[in-house]
file work_12.cif (mmCIF, C-alpha atoms)
data_coords
#
loop_
_atom_site.label_atom_id
_atom_site.label_comp_id
_atom_site.auth_asym_id
_atom_site.auth_seq_id
_atom_site.Cartn_x
_atom_site.Cartn_y
_atom_site.Cartn_z
CA MET A 1 0.00 0.00 0.00
CA GLY A 2 1.53 3.32 -1.07
CA ARG A 3 2.03 6.34 1.05
CA GLY A 4 -0.66 8.96 1.04
CA LYS A 5 -0.18 12.36 -0.51
CA ILE A 6 1.42 14.84 1.88
CA VAL A 7 -0.23 18.21 2.13
CA ILE A 8 2.38 20.96 1.86
CA ARG A 9 1.65 23.28 4.74
CA ARG A 10 3.21 24.37 8.00
CA ILE A 11 3.53 21.62 10.55
CA ASP A 12 1.92 22.73 13.76
CA ASN A 13 3.66 20.26 16.06
CA SER A 14 7.08 21.67 16.90
CA THR A 15 8.67 18.24 17.42
CA SER A 16 7.38 16.90 14.13
CA ARG A 17 8.40 20.13 12.44
CA GLN A 18 11.95 19.85 13.77
CA VAL A 19 12.26 16.19 12.69
CA THR A 20 10.96 16.98 9.22
CA PHE A 21 13.33 19.95 8.92
CA SER A 22 16.32 17.83 9.89
CA LYS A 23 15.47 15.07 7.39
CA ARG A 24 14.69 17.37 4.49
CA ARG A 25 17.68 19.61 5.21
CA ASN A 26 20.06 16.66 4.99
CA GLY A 27 18.36 15.47 1.81
CA LEU A 28 18.59 18.94 0.25
CA LEU A 29 22.30 19.26 1.11
CA LYS A 30 22.93 15.81 -0.36
CA LYS A 31 21.12 16.71 -3.58
CA ALA A 32 23.08 19.97 -3.88
CA ARG A 33 26.36 18.10 -3.46
CA GLU A 34 25.36 15.47 -6.04
CA LEU A 35 24.26 18.16 -8.49
CA SER A 36 27.62 19.95 -8.28
CA ILE A 37 29.57 16.71 -8.80
CA LEU A 38 27.43 15.09 -11.50
CA CYS A 39 26.78 18.20 -13.58
CA ASP A 40 29.96 20.20 -12.81
CA ALA A 41 27.79 23.05 -11.60
CA GLU A 42 28.68 25.77 -9.15
CA VAL A 43 26.15 25.36 -6.36
CA GLY A 44 25.56 27.48 -3.28
CA LEU A 45 22.91 26.58 -0.70
CA ILE A 46 22.03 28.63 2.39
CA ILE A 47 19.48 27.45 4.97
CA PHE A 48 18.33 29.22 8.12
CA SER A 49 16.28 27.23 10.58
CA SER A 50 13.31 28.65 12.46
CA THR A 51 15.64 29.19 15.40
CA GLY A 52 18.06 31.20 13.26
CA LYS A 53 20.75 28.50 12.89
CA LEU A 54 22.70 28.59 9.62
CA TYR A 55 23.31 25.59 7.34
CA ASP A 56 25.10 26.09 4.05
CA TYR A 57 26.89 24.25 1.25
CA ALA A 58 29.08 25.61 -1.58
CA SER A 59 30.79 23.63 -4.34
CA SER A 60 33.70 26.14 -4.40
CA SER A 61 33.33 28.81 -1.73
CA MET A 62 30.26 30.63 -0.54
CA LYS A 63 31.93 34.01 -1.06
CA SER A 64 32.71 33.35 -4.73
CA VAL A 65 29.20 31.99 -5.30
CA ILE A 66 27.62 35.10 -3.74
CA GLU A 67 29.90 37.46 -5.70
CA ARG A 68 29.05 35.67 -8.92
CA TYR A 69 25.37 35.88 -8.05
CA LYS A 70 25.59 39.60 -7.39
CA LYS A 71 27.49 40.19 -10.62
CA GLN A 72 24.97 38.25 -12.64
CA LYS A 73 22.11 40.18 -11.03
CA GLU A 74 23.81 43.50 -11.78
CA GLU A 75 24.44 42.55 -15.41
CA HIS A 76 20.85 41.43 -15.79
CA HIS A 77 19.66 44.65 -14.23
CA GLN A 78 21.86 46.68 -16.56
CA LEU A 79 20.32 45.02 -19.59
CA LEU A 80 16.94 46.10 -18.34
CA ASN A 81 18.08 49.59 -17.30
CA PRO A 82 20.61 51.26 -19.68
CA ALA A 83 21.16 54.15 -17.29
CA SER A 84 22.66 51.84 -14.69
CA GLU A 85 25.15 50.46 -17.26
CA VAL A 86 27.18 53.67 -17.01
CA LYS A 87 27.44 53.28 -13.26
CA PHE A 88 28.46 49.66 -13.67
CA TRP A 89 31.33 50.54 -15.97
CA GLN A 90 32.35 53.39 -13.70
CA ARG A 91 32.61 50.92 -10.84
CA GLU A 92 34.60 48.55 -13.06
CA VAL A 93 37.03 51.34 -14.01
CA ALA A 94 37.45 52.33 -10.37
CA SER A 95 38.09 48.71 -9.40
CA LEU A 96 40.67 48.27 -12.15
CA ARG A 97 42.43 51.48 -11.17
CA GLN A 98 42.58 50.30 -7.58
CA GLN A 99 44.02 46.94 -8.67
CA LEU A 100 46.59 48.68 -10.87
CA GLN A 101 47.65 50.97 -8.03
CA TYR A 102 48.04 47.98 -5.72
CA LEU A 103 50.13 46.08 -8.27
CA GLN A 104 52.37 49.09 -8.91
CA GLU A 105 52.90 49.59 -5.20
CA TYR A 106 53.61 45.88 -4.70
CA HIS A 107 56.10 45.94 -7.58
CA ARG A 108 57.96 48.87 -6.05
CA GLN A 109 58.09 47.01 -2.75
CA LEU A 110 59.55 43.97 -4.48
CA MET A 111 62.22 46.29 -5.90
CA GLY A 112 63.04 47.45 -2.35
CA GLU A 113 61.29 50.79 -2.61
CA GLU A 114 58.62 52.46 -0.42
CA LEU A 115 59.10 50.11 2.54
CA SER A 116 58.67 52.75 5.24
CA GLY A 117 54.98 52.06 5.80
CA LEU A 118 55.31 48.29 6.17
CA SER A 119 55.19 46.45 9.48
CA ILE A 120 57.49 43.63 10.57
CA LYS A 121 54.93 41.08 9.44
CA ASP A 122 54.56 42.75 6.05
CA LEU A 123 58.33 42.84 5.60
CA GLN A 124 58.60 39.19 6.59
CA ASN A 125 55.92 38.24 4.05
CA LEU A 126 57.69 40.29 1.41
CA GLU A 127 60.99 38.58 2.22
CA ASN A 128 59.38 35.14 1.99
CA GLN A 129 57.86 36.05 -1.36
CA LEU A 130 61.23 37.22 -2.67
CA GLU A 131 62.93 34.04 -1.47
CA MET A 132 60.28 31.90 -3.14
CA SER A 133 60.62 33.90 -6.36
CA LEU A 134 64.42 33.65 -6.25
CA LYS A 135 64.19 29.92 -5.62
CA GLY A 136 61.90 29.52 -8.60
CA VAL A 137 64.25 31.55 -10.81
CA ARG A 138 67.25 29.48 -9.73
CA MET A 139 65.42 26.22 -10.30
CA LYS A 140 64.43 27.35 -13.78
CA LYS A 141 68.00 28.45 -14.55
CA ASP A 142 69.43 25.16 -13.28
CA GLN A 143 66.93 23.23 -15.39
CA ILE A 144 67.87 25.19 -18.52
CA LEU A 145 71.60 24.68 -17.85
CA THR A 146 71.06 20.97 -17.22
CA ASP A 147 69.14 20.61 -20.47
CA GLU A 148 71.87 22.48 -22.37
CA ILE A 149 74.59 20.26 -20.84
CA LYS A 150 72.67 17.14 -21.82
CA GLU A 151 72.27 18.46 -25.35
CA LEU A 152 75.97 19.30 -25.60
CA ASN A 153 76.89 15.85 -24.29
CA ARG A 154 74.60 14.28 -26.85
CA LYS A 155 76.15 16.33 -29.68
CA GLY A 156 79.65 15.53 -28.39
CA HIS A 157 78.85 11.83 -28.42
CA LEU A 158 77.58 12.10 -31.99
CA ILE A 159 80.71 13.98 -33.05
CA HIS A 160 82.86 11.33 -31.35
CA GLN A 161 81.04 8.59 -33.23
CA GLU A 162 81.48 10.48 -36.51
CA ASN A 163 85.21 10.88 -35.79
CA LEU A 164 85.51 7.14 -35.19
CA GLU A 165 83.75 6.45 -38.48
CA LEU A 166 86.05 8.91 -40.29
CA HIS A 167 89.13 7.26 -38.75
CA LYS A 168 87.88 3.89 -39.93
CA LYS A 169 87.37 5.25 -43.45
CA VAL A 170 90.83 6.86 -43.45
CA ASP A 171 92.43 3.61 -42.29
CA LEU A 172 90.56 1.70 -44.96
CA MET A 173 91.67 4.16 -47.66
CA HIS A 174 95.26 3.92 -46.39
CA GLN A 175 95.13 0.12 -46.63
CA GLU A 176 93.68 0.31 -50.13
CA ASN A 177 96.40 2.78 -51.22
CA THR A 178 99.10 0.57 -49.73
CA GLU A 179 97.72 -2.48 -51.52
CA LEU A 180 97.45 -0.54 -54.78
CA GLN A 181 101.02 0.72 -54.48
CA ARG A 182 102.21 -2.80 -53.74
CA LYS A 183 100.49 -4.10 -56.85
CA VAL A 184 101.76 -1.23 -59.06
CA TYR A 185 105.38 -1.32 -57.90
CA GLY A 186 105.41 -5.12 -57.83
CA THR A 187 104.34 -5.26 -61.52
CA ARG A 188 106.92 -2.61 -62.46
CA GLU A 189 109.75 -4.48 -60.72
CA ALA A 190 108.74 -7.74 -62.42
CA SER A 191 108.71 -5.96 -65.80
CA GLU A 192 112.13 -4.45 -65.21
CA ALA A 193 113.52 -7.84 -64.13
CA SER A 194 112.12 -9.45 -67.30
CA ARG A 195 113.69 -6.82 -69.52
CA SER A 196 117.06 -7.20 -67.77
CA SER A 197 117.01 -11.00 -68.21
CA HIS A 198 116.15 -10.68 -71.90
CA SER A 199 119.02 -8.21 -72.46
CA ASN A 200 121.56 -10.50 -70.76
CA HIS A 201 120.41 -13.46 -72.84
CA SER A 202 120.80 -11.49 -76.07
CA PHE A 203 124.29 -10.42 -75.08
CA ASN A 204 125.44 -13.91 -74.24
CA ASN A 205 124.12 -15.37 -77.50
CA GLY A 206 124.95 -12.60 -79.91
CA HIS A 207 127.76 -10.83 -78.02
CA GLY A 208 125.81 -7.71 -78.27
CA LEU A 209 124.28 -5.98 -81.20
CA ASN A 210 127.08 -3.44 -81.45
CA THR A 211 130.01 -5.93 -81.18
CA ALA A 212 132.26 -6.08 -84.27
CA VAL A 213 133.03 -9.51 -85.76
CA LEU A 214 136.37 -10.00 -87.63
CA LEU A 215 137.20 -13.01 -89.71
CA GLN A 216 140.95 -13.63 -90.39
CA LEU A 217 142.82 -16.36 -92.25
CA SER A 218 145.78 -17.78 -90.36
CA GLN A 219 148.91 -19.25 -91.89
CA PRO A 220 148.98 -23.03 -92.16
CA GLN A 221 151.12 -24.75 -89.54
CA PRO A 222 153.38 -27.65 -90.32
CA PRO A 223 151.72 -30.98 -89.79
CA LYS A 224 152.49 -33.05 -86.75
CA THR A 225 152.83 -36.75 -86.81
CA ASP A 226 150.40 -37.40 -83.97
CA THR A 227 147.79 -34.81 -84.98
CA PRO A 228 145.93 -34.61 -88.23
CA ALA A 229 146.88 -31.62 -90.27
CA LYS A 230 144.48 -28.81 -90.68
CA SER A 231 144.64 -26.87 -93.80
CA MET A 232 142.82 -23.78 -92.47
CA LYS A 233 141.81 -22.45 -89.12
CA LEU A 234 139.16 -19.89 -88.65
CA GLY A 235 139.50 -17.66 -85.68
CA LEU A 236 137.15 -15.22 -84.14
CA GLN A 237 138.58 -12.24 -82.42
CA LEU A 238 136.47 -9.84 -80.46
CA HIS A 239 137.57 -6.24 -80.53
#

call {"tool": "encode", "arguments": {"input": "work_12.cif", "output": "structure tokens"}}
result
Amino acid sequence: MGRGKIVIRRIDNSTSRQVTFSKRRNGLLKKARELSILCDAEVGLIIFSSTGKLYDYASSSMKSVIERYKKQKEEHHQLLNPASEVKFWQREVASLRQQLQYLQEYHRQLMGEELSGLSIKDLQNLENQLEMSLKGVRMKKDQILTDEIKELNRKGHLIHQENLELHKKVDLMHQENTELQRKVYGTREASEASRSSHSNHSFNNGHGLNTAVLLQLSQPQPPKTDTPAKSMKLGLQLH
């Protein structure tokens, strides 16, 4: 059997009213939290009980939600009332001028100027900010230097590898030149040795091309008893 329809009206019994408030308040806060998470919405919820107790929930911060709400209401009001648009922009200009003045003053303080009006706490905060900024600058510088050193080491390694390759090529070319010279000079020496051998052979057989040959008849010698007589002897004399 289903529940009966609840009439929406003020609960007269204070105890029942307090119990209902507690249950529905928790349910409303839960729904607001789920809405902000599921839908990525900026949610702000403010609840005051009948006794004046405050219950609130904000997905970011209640202050930012309220400021955004006020800004949206002002912009909506300006669209409806053009005269108020001038005042809105005047307030924006005044706010920007104030922010610019604050930034300029803060910059001068960071540069060590206009410190007379600062308290010990303000000076300590300024010193901490400067130390943090200096630390960040040094870390960034060290990172850049480290990256440059790594890059130089990488390039140096590549150059070293290229030098090794060039040395190998030079050694190979030197070996090839040595082998080529050995082949060339070895062939030339063999050719010269062949020509020298051929010249010596011609000289031994023909006594040289430019050697004069003289034929001369000798007088006959008296015959000997134990040796057959020779009527003519041919002699070769080399001059």

call {"tool": "residues_around", "arguments": {"input": "work_12.cif", "residues": "stretch 24-40 of chain A", "least_positions_apart": "3", "cutoff": "8 Å", "atoms": "all atoms listed in the file", "output": "ChimeraX atom specification"}}
result
/A:20-21,43-45,56-57,59

call {"tool": "residues_around", "arguments": {"input": "work_12.cif", "residues": "A:Leu130", "least_positions_apart": "5", "cutoff": "10 Å", "atoms": "all atoms listed in the file", "output": "list of chain:residue names"}}
result
A:Leu110, A:Met111, A:Gln124, A:Asn125, A:Lys135, A:Gly136

call {"tool": "atom_distance", "arguments": {"input": "work_12.cif", "atom1": "atom CA of A:Glu42", "atom2": "atom CA of A:Ala58"}}
result
7.6 Å

call {"tool": "axis_aligned_box", "arguments": {"input": "work_12.cif", "around": "stretch 151-159 of chain A", "padding_each_side": "8 Å", "output": "AutoDock Vina command-line options"}}
result
--center_x 76.5 --center_y 15.6 --center_z -28.7 --size_x 24.4 --size_y 23.5 --size_z 24.8

call {"tool": "closest_residue", "arguments": {"input": "work_12.cif", "among": "A:Gln129, A:Lys71, A:Met62, A:Val19", "to": "A:His107", "atoms": "only C-alpha atoms"}}
result
A:Gln129

call {"tool": "atom_distance", "arguments": {"input": "work_12.cif", "atom1": "atom CA of A:Thr178", "atom2": "atom CA of A:Leu166"}}
result
18.1 Å

call {"tool": "atom_distance", "arguments": {"input": "work_12.cif", "atom1": "atom CA of A:Tyr102", "atom2": "atom CA of A:Ser64"}}
result
21.2 Å
